[in-house]
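Quick look at final_1.cif (mmCIF, C-alpha atoms):
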data_upload
loop_
_atom_site.label_atom_id
_atom_site.label_comp_id
_atom_site.auth_asym_id
_atom_site.auth_seq_id
_atom_site.Cartn_x
_atom_site.Cartn_y
_atom_site.Cartn_z
CA MET G 1 15.94 -44.22 -80.60
CA ASN G 2 14.03 -40.99 -80.47
CA PRO G 3 12.90 -40.21 -84.06
CA VAL G 4 13.95 -36.59 -83.58
CA LEU G 5 17.53 -37.67 -82.92
CA LEU G 6 17.54 -39.96 -85.93
CA ARG G 7 16.23 -37.21 -88.22
CA LEU G 8 19.22 -35.06 -87.32
CA TYR G 9 21.35 -37.34 -89.50
CA PRO G 10 21.56 -36.75 -93.25
CA ALA G 11 18.95 -38.69 -95.23
CA GLY G 12 21.51 -40.91 -96.94
CA PHE G 13 23.10 -41.85 -93.64
CA ARG G 14 19.68 -42.65 -92.15
CA ARG G 15 18.83 -44.96 -95.03
CA ALA G 16 22.16 -46.78 -94.81
CA PHE G 17 22.71 -46.98 -91.06
CA GLY G 18 19.45 -45.89 -89.38
CA SER G 19 18.53 -49.32 -88.01
CA GLU G 20 22.07 -49.96 -86.78
CA MET G 21 22.17 -46.58 -85.03
CA ALA G 22 18.82 -47.23 -83.37
CA GLU G 23 19.98 -50.65 -82.15
CA ALA G 24 23.28 -49.27 -80.85
CA TYR G 25 21.44 -46.48 -79.03
CA ARG G 26 19.01 -48.98 -77.49
CA GLU G 27 21.85 -51.15 -76.21
CA ALA G 28 23.76 -48.14 -74.83
CA THR G 29 20.77 -46.76 -72.91
CA GLU G 30 19.14 -49.99 -71.77
CA GLY G 31 18.96 -49.91 -67.99
CA ALA G 32 20.81 -46.55 -67.85
CA GLY G 33 19.81 -43.67 -65.64
CA PRO G 34 18.55 -40.25 -66.78
CA ARG G 35 22.02 -38.70 -66.79
CA ALA G 36 23.50 -41.49 -68.89
CA ARG G 37 20.58 -41.27 -71.32
CA LEU G 38 21.01 -37.52 -71.60
CA ARG G 39 24.75 -37.90 -72.21
CA GLU G 40 24.16 -40.54 -74.89
CA ALA G 41 21.52 -38.38 -76.58
CA ALA G 42 23.91 -35.42 -76.57
CA ASP G 43 26.64 -37.57 -78.15
CA VAL G 44 24.25 -38.79 -80.83
CA ALA G 45 23.03 -35.25 -81.58
CA SER G 46 26.60 -33.97 -81.78
CA HIS G 47 27.63 -36.76 -84.15
CA ALA G 48 24.57 -36.21 -86.32
CA LEU G 49 25.12 -32.46 -86.61
CA ARG G 50 28.79 -32.97 -87.48
CA LEU G 51 27.79 -35.27 -90.32
CA ARG G 52 25.03 -32.94 -91.49
CA PHE G 53 27.26 -29.85 -91.57
CA GLY G 54 30.37 -31.64 -92.81
CA ILE G 55 32.59 -30.96 -89.81
CA GLY G 56 33.38 -34.52 -88.82
CA SER G 57 36.95 -35.80 -88.71
CA ALA G 58 36.54 -37.35 -92.18
CA TYR G 59 35.61 -34.00 -93.75
CA PRO G 60 37.89 -31.08 -94.69
CA GLY G 61 35.74 -28.76 -92.58
CA GLY G 62 36.29 -30.88 -89.48
CA ARG G 63 40.06 -30.89 -90.00
CA LEU G 64 39.95 -27.13 -90.57
CA PHE G 65 38.19 -26.55 -87.25
CA ALA G 66 40.55 -28.99 -85.52
CA GLY G 67 43.57 -27.00 -86.71
CA ALA G 68 42.05 -23.68 -85.63
CA ALA G 69 40.72 -24.86 -82.23
CA PRO G 70 43.89 -24.33 -80.14
CA PHE G 71 44.39 -20.89 -81.67
CA GLY G 72 40.81 -19.96 -80.87
CA LEU G 73 41.48 -21.01 -77.29
CA ALA G 74 44.72 -19.03 -77.20
CA ALA G 75 42.96 -15.93 -78.55
CA THR G 76 40.14 -16.38 -76.02
CA ALA G 77 42.58 -16.71 -73.12
CA ALA G 78 44.62 -13.70 -74.25
CA TYR G 79 41.53 -11.50 -74.77
CA ALA G 80 40.10 -12.48 -71.39
CA ALA G 81 43.45 -11.74 -69.70
CA PHE G 82 43.69 -8.42 -71.56
CA ASN G 83 40.22 -7.36 -70.41
CA LEU G 84 40.80 -8.71 -66.92
CA ILE G 85 44.06 -6.76 -66.57
CA GLY G 86 42.40 -3.56 -67.75
CA SER G 87 39.25 -3.99 -65.68
CA ALA G 88 41.04 -5.18 -62.55
CA GLY G 89 43.58 -2.38 -62.97
CA ASP G 90 40.83 0.23 -63.07
CA TRP G 91 39.16 -1.37 -60.07
CA TYR G 92 42.50 -1.47 -58.23
CA VAL G 93 43.12 2.24 -58.85
CA MET G 94 39.55 3.21 -57.88
CA ARG G 95 39.78 1.17 -54.69
CA ILE G 96 42.97 2.96 -53.74
CA ALA G 97 41.40 6.34 -54.53
CA GLY G 98 38.16 5.40 -52.76
CA THR G 99 36.02 6.26 -55.80
CA ASP G 100 34.70 2.83 -56.88
CA GLY G 101 31.10 3.77 -55.91
CA SER G 102 28.24 2.08 -57.75
CA ALA G 103 30.57 0.67 -60.43
CA GLY G 104 32.04 -1.77 -57.92
CA PRO G 105 29.48 -4.61 -58.24
CA LEU G 106 29.42 -4.48 -62.04
CA LEU G 107 33.20 -4.45 -62.27
CA THR G 108 33.47 -7.31 -59.79
CA LEU G 109 30.96 -9.39 -61.74
CA MET G 110 32.66 -8.62 -65.05
CA ASN G 111 36.07 -9.50 -63.60
CA GLY G 112 34.62 -12.80 -62.37
CA CYS G 113 33.37 -13.59 -65.89
CA TYR G 114 36.73 -12.71 -67.41
CA LEU G 115 38.43 -14.92 -64.83
CA LEU G 116 36.11 -17.83 -65.66
CA THR G 117 36.86 -17.37 -69.36
CA LEU G 118 40.60 -17.27 -68.76
CA ILE G 119 40.64 -20.35 -66.54
CA GLY G 120 38.36 -22.25 -68.93
CA ALA G 121 40.53 -21.51 -71.97
CA VAL G 122 43.72 -22.40 -70.08
CA VAL G 123 42.20 -25.66 -68.82
CA ALA G 124 41.11 -26.53 -72.36
CA LEU G 125 44.61 -25.80 -73.70
CA ALA G 126 46.03 -28.01 -70.96
CA GLY G 127 43.97 -30.92 -72.30
CA ARG G 128 40.59 -30.86 -70.53
CA HIS G 129 38.95 -29.76 -73.75
CA LEU G 130 35.18 -29.92 -73.34
CA PRO G 131 34.79 -28.65 -69.73
CA GLY G 132 37.34 -25.92 -70.38
CA VAL G 133 35.66 -24.73 -73.57
CA LEU G 134 32.23 -24.73 -71.92
CA CYS G 135 33.59 -22.61 -69.04
CA ALA G 136 35.22 -20.22 -71.51
CA VAL G 137 31.97 -19.84 -73.47
CA ALA G 138 29.94 -19.32 -70.29
CA GLY G 139 32.39 -16.71 -69.02
CA THR G 140 32.45 -14.87 -72.35
CA MET G 141 28.66 -14.81 -72.52
CA GLY G 142 28.52 -13.54 -68.94
CA SER G 143 31.02 -10.73 -69.51
CA SER G 144 29.18 -9.67 -72.67
CA ALA G 145 25.88 -9.60 -70.82
CA VAL G 146 27.36 -7.56 -67.97
CA PHE G 147 28.90 -5.13 -70.45
CA LEU G 148 25.62 -4.88 -72.36
CA TYR G 149 23.52 -4.04 -69.29
CA PRO G 150 24.74 -0.44 -68.80
CA SER G 151 25.73 0.10 -72.44
CA TRP G 152 22.57 -0.79 -74.35
CA PRO G 153 20.87 2.66 -74.12
CA THR G 154 23.07 3.85 -76.99
CA PRO G 155 22.25 5.61 -80.28
CA THR G 156 20.65 3.28 -82.80
CA GLY G 157 23.56 3.59 -85.21
CA LEU G 158 25.99 2.21 -82.64
CA ARG G 159 23.94 -0.76 -81.51
CA TRP G 160 25.00 -3.10 -84.32
CA GLU G 161 28.65 -2.22 -83.69
CA LEU G 162 28.08 -3.02 -80.02
CA VAL G 163 26.48 -6.35 -80.93
CA GLY G 164 29.50 -7.23 -83.09
CA PHE G 165 31.87 -6.21 -80.31
CA LEU G 166 30.10 -8.49 -77.83
CA LEU G 167 29.28 -11.38 -80.18
CA ALA G 168 32.73 -11.87 -81.73
CA PRO G 169 34.43 -13.09 -78.51
CA ILE G 170 31.59 -15.57 -77.92
CA LEU G 171 31.98 -17.02 -81.41
CA ILE G 172 35.76 -17.31 -80.99
CA ALA G 173 35.33 -19.00 -77.60
CA ALA G 174 32.78 -21.42 -79.10
CA LEU G 175 34.90 -22.22 -82.18
CA PRO G 176 36.72 -25.16 -80.46
CA LEU G 177 33.35 -26.86 -79.91
CA ALA G 178 33.35 -27.60 -83.65
CA CYS G 179 36.59 -29.58 -83.33
CA PRO G 180 35.82 -33.30 -83.85
CA PRO G 181 36.38 -35.27 -80.62
CA ASP G 182 38.88 -37.65 -82.22
CA LEU G 183 40.98 -34.72 -83.50
CA ARG G 184 41.27 -32.83 -80.24
CA PRO G 185 44.87 -32.11 -79.19
CA ALA G 186 46.52 -34.55 -76.83
CA ARG G 187 46.64 -33.58 -73.18
CA ARG G 188 49.49 -31.22 -72.45
CA VAL G 189 49.26 -31.66 -68.67
CA ARG G 190 48.66 -34.94 -66.86
CA GLY G 191 46.74 -35.05 -63.62
CA GLY G 192 44.42 -32.67 -61.83
CA ALA G 193 47.26 -31.11 -59.84
CA GLY G 194 49.04 -30.10 -63.03
CA VAL G 195 45.91 -28.53 -64.49
CA PHE G 196 45.32 -26.64 -61.24
CA ALA G 197 48.92 -25.40 -61.30
CA ILE G 198 48.53 -24.14 -64.88
CA ALA G 199 45.29 -22.32 -64.02
CA LEU G 200 46.91 -20.81 -60.92
CA TRP G 201 49.88 -19.72 -63.01
CA ALA G 202 47.55 -17.87 -65.39
CA VAL G 203 45.84 -16.07 -62.51
CA VAL G 204 49.17 -15.13 -60.92
CA LEU G 205 50.42 -13.77 -64.27
CA VAL G 206 47.36 -11.54 -64.60
CA ALA G 207 47.59 -10.38 -60.98
CA ALA G 208 51.26 -9.54 -61.40
CA MET G 209 50.57 -7.44 -64.48
CA VAL G 210 47.75 -5.61 -62.69
CA VAL G 211 49.92 -4.75 -59.70
CA ILE G 212 52.98 -3.86 -61.78
CA ASP G 213 51.15 -1.68 -64.27
CA PRO G 214 47.60 -0.67 -63.24
CA LEU G 215 47.58 2.43 -65.48
CA GLY G 216 51.15 2.85 -66.74
CA VAL G 217 52.63 1.82 -70.05
CA GLY G 218 50.04 -0.93 -70.60
CA PRO G 219 47.53 1.33 -72.39
CA VAL G 220 50.33 2.60 -74.66
CA LEU G 221 52.27 -0.56 -75.48
CA PRO G 222 50.49 -3.81 -76.43
CA TRP G 223 52.15 -5.88 -73.72
CA ARG G 224 48.85 -6.31 -71.86
CA LEU G 225 47.69 -8.39 -74.82
CA GLY G 226 51.06 -9.59 -76.08
CA VAL G 227 52.29 -11.24 -72.89
CA PRO G 228 49.12 -13.32 -72.30
CA LEU G 229 48.98 -14.21 -76.00
CA ALA G 230 52.58 -15.43 -75.99
CA ALA G 231 51.94 -17.44 -72.82
CA ALA G 232 48.81 -19.03 -74.33
CA LEU G 233 50.68 -20.01 -77.50
CA VAL G 234 53.45 -21.57 -75.41
CA LEU G 235 50.80 -23.58 -73.58
CA ALA G 236 49.25 -24.65 -76.90
CA GLY G 237 52.67 -26.00 -77.88
CA ARG G 238 54.18 -27.27 -81.10
CA GLN G 239 51.31 -29.68 -81.68
CA ALA G 240 49.00 -26.73 -82.37
CA PHE G 241 51.25 -25.45 -85.16
CA ALA G 242 51.73 -28.97 -86.48
CA GLY G 243 47.96 -29.19 -87.01
CA ILE G 244 48.07 -26.55 -89.78
CA HIS G 245 48.55 -28.30 -93.12
CA SER G 246 47.50 -25.72 -95.71
CA ALA G 247 47.32 -22.02 -96.47
CA THR G 248 43.57 -22.18 -95.88
CA GLY G 249 44.16 -23.69 -92.45
CA LEU G 250 46.70 -20.98 -91.66
CA ALA G 251 44.25 -18.23 -92.63
CA PHE G 252 41.46 -19.85 -90.61
CA ALA G 253 43.72 -20.23 -87.56
CA ALA G 254 44.80 -16.60 -87.82
CA THR G 255 41.23 -15.28 -87.91
CA PRO G 256 40.68 -15.39 -84.10
CA PHE G 257 43.83 -13.34 -83.58
CA LEU G 258 42.85 -10.76 -86.19
CA VAL G 259 39.40 -10.39 -84.64
CA THR G 260 40.90 -10.14 -81.16
CA LEU G 261 43.41 -7.51 -82.23
CA TYR G 262 40.64 -5.51 -83.87
CA PHE G 263 38.21 -5.56 -80.97
CA SER G 264 40.96 -4.96 -78.39
CA GLY G 265 41.74 -1.71 -80.21
CA TRP G 266 45.29 -2.47 -81.32
CA VAL G 267 44.63 -2.51 -85.06
CA SER G 268 42.29 -0.51 -87.28
CA THR G 269 39.97 -1.67 -90.04
CA GLU G 270 42.49 -0.67 -92.69
CA GLU G 271 45.22 -2.71 -91.02
CA ILE G 272 42.92 -5.72 -90.77
CA LEU G 273 42.10 -5.47 -94.47
CA THR G 274 45.80 -5.18 -95.26
CA ALA G 275 46.56 -8.29 -93.19
CA VAL G 276 43.74 -10.22 -94.88
CA GLY G 277 44.98 -9.16 -98.31
CA ALA G 278 48.53 -10.19 -97.45
CA ALA G 279 47.33 -13.58 -96.16
CA ALA G 280 45.33 -14.11 -99.36
CA ALA G 281 48.35 -13.22 -101.49
CA VAL G 282 50.54 -15.65 -99.54
CA ALA G 283 47.92 -18.39 -99.92
CA VAL G 284 47.72 -17.84 -103.68
CA ALA G 285 51.52 -17.81 -103.98
CA LEU G 286 51.84 -21.03 -102.00
CA ARG G 287 49.17 -22.72 -104.09
CA MET G 288 50.83 -21.63 -107.33
CA ARG G 289 54.22 -22.76 -106.10
CA ARG G 290 52.79 -26.12 -105.10
CA GLY G 291 51.17 -26.43 -108.49
CA ASP G 292 54.48 -25.73 -110.24
CA GLY G 293 56.45 -28.13 -108.03
CA PRO G 294 58.10 -31.31 -109.21
CA ASP G 295 55.41 -33.48 -107.66
CA THR G 296 52.69 -32.07 -109.91
CA ALA G 297 51.26 -34.63 -112.29
CA ASN G 298 52.06 -34.13 -115.97
CA PRO G 299 48.77 -33.45 -117.78
CA ALA G 300 50.23 -34.91 -120.94
#

Translate the structure of the given file into structure tokens.
Amino acid sequence: MNPVLLRLYPAGFRRAFGSEMAEAYREATEGAGPRARLREAADVASHALRLRFGIGSAYPGGRLFAGAAPFGLAATAAYAAFNLIGSAGDWYVMRIAGTDGSAGPLLTLMNGCYLLTLIGAVVALAGRHLPGVLCAVAGTMGSSAVFLYPSWPTPTGLRWELVGFLLAPILIAALPLACPPDLRPARRVRGGAGVFAIALWAVVLVAAMVVIDPLGVGPVLPWRLGVPLAAALVLAGRQAFAGIHSATGLAFAATPFLVTLYFSGWVSTEEILTAVGAAAAVAVALRMRRGDGPDTANPA
């Protein structure tokens, strides 16, 4: 095994299982081609980093990320659909008015990135976790880069706000990558045809909302975000909610939605702080109630 890969593991794990890991790696890659070797090295590096950062399936952090992963995907899909509806709606109106001009290529590229993000998140929710998440992350990074290109010549005081605005969706899209492989949700849709149908359904839903309301009540009422968010949660299913086992897990799963609501403009900073305070109060109340319950051990 490459010494660099082995050193990714915690020191205690290397001392206890280093020789076994090296032998297993040698057997797995013996006679394998470059692609198989690269895949095996990626698996080893992923496993080592999970152990080092305490986000494996045996650690509380890993279970926390596993519970929040489907909600991160739902928030990513809803935010991509929200932006796609708004951007495609503007493009649709400008095309009708004949005033798209030089903004056309940038809008088209940004819409393509939003579409990639949406399809990736939906595919991941349907059960093709890793390829879907990677597509969602790539699409989110692409849309942020396209948005940054004409927006970066801004006053210095606004640049850090712009960085936060563009970085937050990428972090939310990448959150499911921290979910341990053995804790990923079961496949919701079987077969490639079913996954294709779900992705097509998501695109049709966005297209319908663009045509029905290109500039109407959507900017006033939050249905441009609410409808895609409800659809994404339906796709996530009951198993996503069943994966939340504590108040901490609930707060962590709610974080992608709070961030999405904030950066989509539907809630203010004060409302976010109020929601965080309410969630903290609920968590404390639940913990105190659990501590006072009949199952609590008698210290005497």

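Of the listed residues (G:Leu64, G:Ala126, G:Val267, G:Ala278), G:Ala126 comes nearest to Ala193 in chain G; the distances count all atoms listed in the file.
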
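Compared by their closest atoms to Ile96 in chain G, and using only C-alpha atoms, the residues G:Val211, G:Thr274, G:Ala69, G:Pro256 rank with G:Val211 nearest.
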
Using only C-alpha atoms, which residues sit within 10 Å of range 4-9 of chain G once same-chain residues fewer than 3 positions away are excluded, as a PyMOL selection string? chain G and resi 1+12-15+17-19+21-22+41-42+44-53

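For the pair CA of Pro185 in chain G and CA of Ala36 in chain G, the interatomic distance is 25.5 Å.
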
Within 12 Å of range 194-206 of chain G, which residues of range 66-100 of chain G come that close, and what is the closest atom pair and distance in Å for each? Count only C-alpha atoms and give it as a tab-separated table.
residue	atom	partner	partner_atom	distance
G:Ala77	CA	G:Ala202	CA	9.3
G:Ala78	CA	G:Ala202	CA	10.2
G:Tyr79	CA	G:Val206	CA	11.7
G:Ala80	CA	G:Val206	CA	10.0
G:Ala81	CA	G:Val206	CA	6.4
G:Phe82	CA	G:Val206	CA	8.5
G:Asn83	CA	G:Val206	CA	10.1
G:Leu84	CA	G:Val206	CA	7.5
G:Ile85	CA	G:Val206	CA	6.1
G:Gly86	CA	G:Val206	CA	9.9
G:Ser87	CA	G:Val206	CA	11.1
G:Ala88	CA	G:Val206	CA	9.2
G:Gly89	CA	G:Val206	CA	10.0

Could you state which residues are captured by the PyMOL selection byres ((chain G and resi 165) around 12) in this file, as a PyMOL selection string? chain G and resi 140+143-145+147-148+151+158-164+166-172+259-265

Export of the given selection (C-alpha atoms) as a compact mmCIF listing (two decimals), in the coordinates of the input:
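New file selection-v7.txt:
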# COMPACT_ATOMS: atom_id res chain seq x y z
CA THR G 140 32.45 -14.87 -72.35
CA SER G 143 31.02 -10.73 -69.51
CA SER G 144 29.18 -9.67 -72.67
CA ALA G 145 25.88 -9.60 -70.82
CA PHE G 147 28.90 -5.13 -70.45
CA LEU G 148 25.62 -4.88 -72.36
CA SER G 151 25.73 0.10 -72.44
CA LEU G 158 25.99 2.21 -82.64
CA ARG G 159 23.94 -0.76 -81.51
CA TRP G 160 25.00 -3.10 -84.32
CA GLU G 161 28.65 -2.22 -83.69
CA LEU G 162 28.08 -3.02 -80.02
CA VAL G 163 26.48 -6.35 -80.93
CA GLY G 164 29.50 -7.23 -83.09
CA LEU G 166 30.10 -8.49 -77.83
CA LEU G 167 29.28 -11.38 -80.18
CA ALA G 168 32.73 -11.87 -81.73
CA PRO G 169 34.43 -13.09 -78.51
CA ILE G 170 31.59 -15.57 -77.92
CA LEU G 171 31.98 -17.02 -81.41
CA ILE G 172 35.76 -17.31 -80.99
CA VAL G 259 39.40 -10.39 -84.64
CA THR G 260 40.90 -10.14 -81.16
CA LEU G 261 43.41 -7.51 -82.23
CA TYR G 262 40.64 -5.51 -83.87
CA PHE G 263 38.21 -5.56 -80.97
CA SER G 264 40.96 -4.96 -78.39
CA GLY G 265 41.74 -1.71 -80.21

Could you spell out the hits of the PyMOL selection byres ((chain G and resi 173-184) around 8) on the shown file, as a compact mmCIF listing (two decimals) with C-alpha atoms, in the coordinates of the input?
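Full text of part20.txt as output:
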# COMPACT_ATOMS: atom_id res chain seq x y z
CA ARG G 50 28.79 -32.97 -87.48
CA ILE G 55 32.59 -30.96 -89.81
CA GLY G 56 33.38 -34.52 -88.82
CA SER G 57 36.95 -35.80 -88.71
CA GLY G 62 36.29 -30.88 -89.48
CA ARG G 63 40.06 -30.89 -90.00
CA PHE G 65 38.19 -26.55 -87.25
CA ALA G 66 40.55 -28.99 -85.52
CA ALA G 68 42.05 -23.68 -85.63
CA ALA G 69 40.72 -24.86 -82.23
CA PRO G 70 43.89 -24.33 -80.14
CA GLY G 72 40.81 -19.96 -80.87
CA LEU G 73 41.48 -21.01 -77.29
CA THR G 76 40.14 -16.38 -76.02
CA HIS G 129 38.95 -29.76 -73.75
CA LEU G 130 35.18 -29.92 -73.34
CA VAL G 133 35.66 -24.73 -73.57
CA LEU G 134 32.23 -24.73 -71.92
CA ALA G 136 35.22 -20.22 -71.51
CA VAL G 137 31.97 -19.84 -73.47
CA THR G 140 32.45 -14.87 -72.35
CA PRO G 169 34.43 -13.09 -78.51
CA ILE G 170 31.59 -15.57 -77.92
CA LEU G 171 31.98 -17.02 -81.41
CA ILE G 172 35.76 -17.31 -80.99
CA PRO G 185 44.87 -32.11 -79.19
CA ALA G 186 46.52 -34.55 -76.83

For CA of Gly139 in chain G and CA of Pro105 in chain G, the interatomic separation in Å (one decimal): 16.5 Å

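You will find CA of Leu109 in chain G at 7.4 Å from CA of Val146 in chain G.
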
Name all residues at most 10 Å from Leu235 in chain G (count all atoms listed in the file; drop same-chain ones fewer than 5 positions away) and give them as an MDAnalysis selection string. chainID G and resid 70 74 122 125:126 188:189 198 229:230 240

So what does the PyMOL selection byres ((chain G and resi 245-253) around 7) actually pick up in this one, as a compact mmCIF listing (two decimals) with C-alpha atoms, in the coordinates of the input?
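Result went into out.txt, see below:
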# COMPACT_ATOMS: atom_id res chain seq x y z
CA LEU G 64 39.95 -27.13 -90.57
CA GLY G 67 43.57 -27.00 -86.71
CA ALA G 68 42.05 -23.68 -85.63
CA PHE G 71 44.39 -20.89 -81.67
CA GLY G 243 47.96 -29.19 -87.01
CA ILE G 244 48.07 -26.55 -89.78
CA ALA G 254 44.80 -16.60 -87.82
CA THR G 255 41.23 -15.28 -87.91
CA PRO G 256 40.68 -15.39 -84.10
CA ALA G 279 47.33 -13.58 -96.16
CA ALA G 283 47.92 -18.39 -99.92
